[in-house]
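Peer 1: Sharing a structure with you now.
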Amino acid sequence: MFASIRNTVPRQLSQAYSTAPVGAKSGNGILWASLATGAVLVGGRRSLYTKAHIWRPGVPRQSLLTHHQTTLQIGYFYTRSKQTIDVESATPATKALDPKNFVAFKLKETIPINHDTSTFRFALEPNQELGLDITSCFVVKAKVGDDEKPTIRPYTPVSPQHARGYFDLVIKKYQTGKMSSHIHSMAPGDILEIKGPVPKLPYKTGALKEIGMIAGGSGITPMIQLIQHVLADPNDNTKMTLVFANKSEDDIILRSTLDEFAKKHPDQLKVHYVIDKASSGDWKGDVGYVTKELAQKYMPAAGKDGVLVSVCGPVPMMKSISGVKAPDYSQGEVGGIFKELGYTSEQVFKF
C-alpha cells in the first residue's frame with residue numbers, strides 16, 4: 001500500500017523522512033502524508049495536529065500548515081517501529097472534559113473558513129479525547145472586556161467524537177456576539193475555559209429510521225456531530241436529510257465536508273442548500289426561506305414510523321420552523337411549520 005501511495009506523490013516526497021535522528025537505523029517517528037489539492041505534508045508523530053515538516057539532508061526543516069478548510073485529507077502512517085503504533089492504539093484514551101468544573105484548554109491554531117467564520121483547533125494531550133456523547137455540547141466561559149461577570153455560551157465541536165490530541169470548534173463571528181468576538185480575537189496559546197458535556201439528543205443506533213434536519217448558519221454544528229457519528233457506524237442504517245439555510249452561497253460553512261459525506265453515502269444522506277438570494281445563475285439549490293412547502297418537500301413525513309425532525313439556528317428561524325424552547329430551556333411545545341405538518345413533540349428536537 002505504501003508503494004502505491006508513494007507513486008502518486010511528487011518526487012520530493014522521496015526526500016522526506018521520519019523524525020528519527022539522521023543515520024539512525026530505527027526510530028519511533030511516524031511519516032504522515034496528506035494529499036490535499038496537490039500539496040504534500042509530512043510530519044513526525046508529535047506534530048500530527050500542529051505543523052508538518054519536510055526535511056532534506058543538509059537543509060533546515062521547513063514548516064507547512066497541515067490543514068485547509070476546503071481540502072479532503074488522505075493520510076497514511078508509516079513507522080520504523082511498529083511497536084510504537086500498537087502500544088498507542090491499544091492504550092485507552094482519557095477524557096478531557098469535566099462535567100462539574102471548567103477546564104482550561106489552549107488554542108493551537110485558527111483556520112479561516114470565510115469572511116466571518118473560522119475553525120478553532122484546541123490542544124489535548126496526545127492520548128486524550130474530549131469525552132462528548134452523541135449528541136451533546138459544552139459551555140465555554142471567558143471574561144470579556146470590562147464585564148464584571150464572565151460570559152458563558154454553549155458550543156458544539158465538529159471534530160470526530162473520538163479524535164485524540166485535539167478538538168475543533170467552527171464559530172461564526174457576530175458583531176453583537178460577546179463570546180464569538182472574544183474567541184475570534186484569540187491567538188494560539190490563549191486559554192478558553194470549558195465545562196461539559198451537556199447532554200442534548202440521546203441518540204441510540206437503530207432507534208430511528210429517518211432523521212430530518214434543518215440548520216441555519218452556525219446551527220450546522222450539532223447536525224455535523226450527528227451526521228458523522230451515524231455515517232461512521234457500519235451498523236447504523238438511519239437515513240438522513242439535511243436542509244441547510246444561509247444568507248448567500250459564500251456563507252455556507254463546511255460545505256465541502258457535507259458534500260463529501262453525501263457523495264460517499266448517497267443512499268443514506270441527502271443535503272439540500274437554501275440561500276436567501278442567488279448572486280449568479282449558476283446556483284442549483286433552493287432560493288428564499290425555509291417554508292412549509294420546502295420542509296414538506298424534504299423532511300420525512302410525520303405519519304411514518306421511526307421519524308425525527310430537528311432544527312438549530314437563529315431564534316427567528318427556530319420560531320418559524322419548530323417554535324422556540326421553553327423559558328427553562330426545555331424543548332417546549334411544537335410550533336411553527338412542524339406543527340402545521342403534524343409532527344408531535346416526540347418527533348421534534350430543538351438543538
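Residues in the C-alpha cells are numbered from 1 in each chain, the chains being A, B, ... in the order shown, and ligands are numbered from 1 in the order shown.
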Mind listing the helix (DSSP H, G or I) residues of region 73-244 of chain A, per DSSP on the backbone, as a PyMOL selection string?
Peer 2: chain A and resi 82-90+178-184+217-232
Peer 1: Using only C-alpha atoms, find each residue of region 100-171 of chain A with at least one atom at most 12 Å away from an atom of region 225-229 of chain A; report its shortest atom-to-atom pair and that distance in Å (one decimal), sort the rows by chain and rising residue number, and return the result as JSON lines.
Peer 2:
{"residue": "A:Leu132", "atom": "CA", "partner": "A:Gln225", "partner_atom": "CA", "distance": 10.1}
{"residue": "A:Asp133", "atom": "CA", "partner": "A:Gln225", "partner_atom": "CA", "distance": 9.9}
{"residue": "A:Ile134", "atom": "CA", "partner": "A:Leu226", "partner_atom": "CA", "distance": 6.7}
{"residue": "A:Thr135", "atom": "CA", "partner": "A:Leu226", "partner_atom": "CA", "distance": 6.5}
{"residue": "A:Ser136", "atom": "CA", "partner": "A:Gln225", "partner_atom": "CA", "distance": 8.7}
{"residue": "A:Cys137", "atom": "CA", "partner": "A:Gln225", "partner_atom": "CA", "distance": 9.6}
{"residue": "A:Tyr155", "atom": "CA", "partner": "A:Gln225", "partner_atom": "CA", "distance": 11.5}
{"residue": "A:Thr156", "atom": "CA", "partner": "A:Gln225", "partner_atom": "CA", "distance": 7.8}
{"residue": "A:Pro157", "atom": "CA", "partner": "A:Gln225", "partner_atom": "CA", "distance": 7.3}
{"residue": "A:Val158", "atom": "CA", "partner": "A:Gln225", "partner_atom": "CA", "distance": 5.7}
{"residue": "A:Ser159", "atom": "CA", "partner": "A:Gln225", "partner_atom": "CA", "distance": 7.6}
{"residue": "A:Pro160", "atom": "CA", "partner": "A:Gln228", "partner_atom": "CA", "distance": 7.2}
{"residue": "A:Gln161", "atom": "CA", "partner": "A:His229", "partner_atom": "CA", "distance": 7.4}
{"residue": "A:His162", "atom": "CA", "partner": "A:His229", "partner_atom": "CA", "distance": 10.0}
{"residue": "A:Ala163", "atom": "CA", "partner": "A:His229", "partner_atom": "CA", "distance": 11.9}
{"residue": "A:Asp168", "atom": "CA", "partner": "A:Gln225", "partner_atom": "CA", "distance": 11.2}
{"residue": "A:Leu169", "atom": "CA", "partner": "A:Gln225", "partner_atom": "CA", "distance": 11.2}
{"residue": "A:Val170", "atom": "CA", "partner": "A:Gln225", "partner_atom": "CA", "distance": 11.7}
Peer 1: Let's see if you can do this: from backbone DSSP, list all strand (DSSP E) residues in region 53-258 of chain A, as JSON, numbers by chain.
Peer 2: {"A": [53, 54, 55, 56, 59, 60, 61, 62, 63, 64, 65, 75, 76, 77, 78, 79, 94, 95, 103, 104, 105, 106, 107, 108, 109, 110, 111, 112, 117, 118, 119, 120, 121, 122, 123, 128, 129, 136, 137, 138, 139, 140, 141, 142, 151, 152, 153, 154, 155, 166, 167, 168, 169, 170, 171, 172, 191, 192, 193, 194, 195, 196, 197, 198, 199, 210, 211, 212, 213, 214, 215, 216, 239, 240, 241, 242, 243, 244, 245, 246]}
Peer 1: Between CA of Gly177 (chain A) and CA of Leu254 (chain A), what distance in Å does the model show, to one decimal?
Peer 2: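 So the answer is 21.0 Å.
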Peer 1: With a distance cut-off of 8 Å and only C-alpha atoms, select the neighbouring residues of Phe138 (chain A), excluding the residue or stretch itself and same-chain residues fewer than 3 positions from it, and output the selection as a ChimeraX atom specification.
Peer 2: /A:154-156,194-198
Peer 1: Using N, CA and C atoms, can you export the residues from the last selection as a CSV table (one decimal), in the first residue's frame?
Peer 2:
chain,number,residue,atom,x,y,z
A,154,PRO,N,-23.0,28.1,25.0
A,154,PRO,CA,-22.8,26.7,24.6
A,154,PRO,C,-22.3,26.6,23.2
A,155,TYR,N,-21.4,25.6,22.9
A,155,TYR,CA,-20.9,25.4,21.6
A,155,TYR,C,-20.9,23.8,21.4
A,156,THR,N,-20.9,23.5,20.1
A,156,THR,CA,-20.8,22.0,19.7
A,156,THR,C,-19.6,21.9,18.9
A,194,ILE,N,-13.7,25.5,29.6
A,194,ILE,CA,-14.8,24.8,29.0
A,194,ILE,C,-15.3,23.8,30.1
A,195,LYS,N,-16.6,23.6,30.2
A,195,LYS,CA,-17.2,22.6,31.1
A,195,LYS,C,-18.2,21.8,30.3
A,196,GLY,N,-18.3,20.5,30.6
A,196,GLY,CA,-19.2,19.6,29.9
A,196,GLY,C,-18.9,18.1,30.1
A,197,PRO,N,-19.6,17.3,29.4
A,197,PRO,CA,-20.6,17.6,28.4
A,197,PRO,C,-22.0,17.9,28.9
A,198,VAL,N,-22.7,18.6,28.1
A,198,VAL,CA,-24.1,18.9,28.3
A,198,VAL,C,-25.0,18.1,27.4
Peer 1: Write out as a PyMOL selection string each polymer residue whose atoms come within 9 Å of Leu124 (chain A), counting only C-alpha atoms; drop sequence neighbours fewer than 6 positions from it.
Peer 2: chain A and resi 96+105-106+130+164-167
Peer 1: Restricted to N, CA, C and O atoms, what would the selected residues look like written as a compact mmCIF listing (two decimals), in the first residue's frame?
Peer 2:
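Dumped everything to result_26.txt:
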# COMPACT_ATOMS: atom_id res chain seq x y z
N ALA A 96 -11.04 14.51 28.51
CA ALA A 96 -10.55 15.83 28.91
C ALA A 96 -11.58 16.65 29.67
O ALA A 96 -11.23 17.46 30.53
N PHE A 105 -8.37 25.03 28.22
CA PHE A 105 -7.84 24.42 27.01
C PHE A 105 -7.11 25.48 26.20
O PHE A 105 -7.57 26.62 26.09
N LYS A 106 -5.98 25.09 25.62
CA LYS A 106 -5.14 26.03 24.88
C LYS A 106 -5.45 25.98 23.39
O LYS A 106 -5.53 24.91 22.79
N LEU A 130 -11.93 14.37 23.85
CA LEU A 130 -12.74 15.36 24.55
C LEU A 130 -13.69 14.73 25.56
O LEU A 130 -13.81 15.19 26.70
N ARG A 164 -8.29 12.12 19.02
CA ARG A 164 -7.32 12.27 20.11
C ARG A 164 -6.35 13.41 19.82
O ARG A 164 -5.95 13.64 18.70
N GLY A 165 -5.99 14.13 20.87
CA GLY A 165 -4.98 15.16 20.75
C GLY A 165 -5.49 16.54 20.37
O GLY A 165 -4.74 17.51 20.40
N TYR A 166 -6.78 16.66 20.02
CA TYR A 166 -7.31 17.97 19.59
C TYR A 166 -8.83 17.91 19.56
O TYR A 166 -9.45 16.84 19.59
N PHE A 167 -9.45 19.08 19.48
CA PHE A 167 -10.86 19.19 19.10
C PHE A 167 -11.06 20.50 18.36
O PHE A 167 -10.30 21.46 18.56
Peer 1: Just the residues within 9 Å of Gly303 (chain A), please, counting only C-alpha atoms, with nothing from its chain fewer than 3 positions along; format it as an NGL selection string.
Peer 2: :A and (300 or 307 or 342-343)
Peer 1: Convert the current residue selection to file output with N, CA, C and O atoms, as a PDB file, in the first residue's frame.
Peer 2:
ATOM      1  N   PRO A 300     -38.842  13.966   6.261  1.00  0.00           N
ATOM      2  CA  PRO A 300     -39.643  12.736   6.307  1.00  0.00           C
ATOM      3  C   PRO A 300     -41.035  13.046   6.845  1.00  0.00           C
ATOM      4  O   PRO A 300     -41.195  13.889   7.738  1.00  0.00           O
ATOM      5  N   VAL A 307     -39.505   8.335  12.883  1.00  0.00           N
ATOM      6  CA  VAL A 307     -39.097   9.606  12.278  1.00  0.00           C
ATOM      7  C   VAL A 307     -38.771  10.636  13.355  1.00  0.00           C
ATOM      8  O   VAL A 307     -39.476  10.753  14.367  1.00  0.00           O
ATOM      9  N   GLY A 342     -47.883  18.438  11.248  1.00  0.00           N
ATOM     10  CA  GLY A 342     -48.404  17.321  12.022  1.00  0.00           C
ATOM     11  C   GLY A 342     -47.413  16.564  12.874  1.00  0.00           C
ATOM     12  O   GLY A 342     -47.733  15.495  13.406  1.00  0.00           O
ATOM     13  N   TYR A 343     -46.215  17.108  13.061  1.00  0.00           N
ATOM     14  CA  TYR A 343     -45.226  16.423  13.900  1.00  0.00           C
ATOM     15  C   TYR A 343     -45.601  16.559  15.379  1.00  0.00           C
ATOM     16  O   TYR A 343     -46.073  17.607  15.818  1.00  0.00           O
TER      17      TYR A 343
END
Peer 1: Using only C-alpha atoms, pick whichever of A:Asp116, A:Asp233, A:Glu346, A:Asp305 has the shortest atom-to-atom distance to Glu210 (chain A).
Peer 2: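 Closest residue, counting only C-alpha atoms: A:Asp305.
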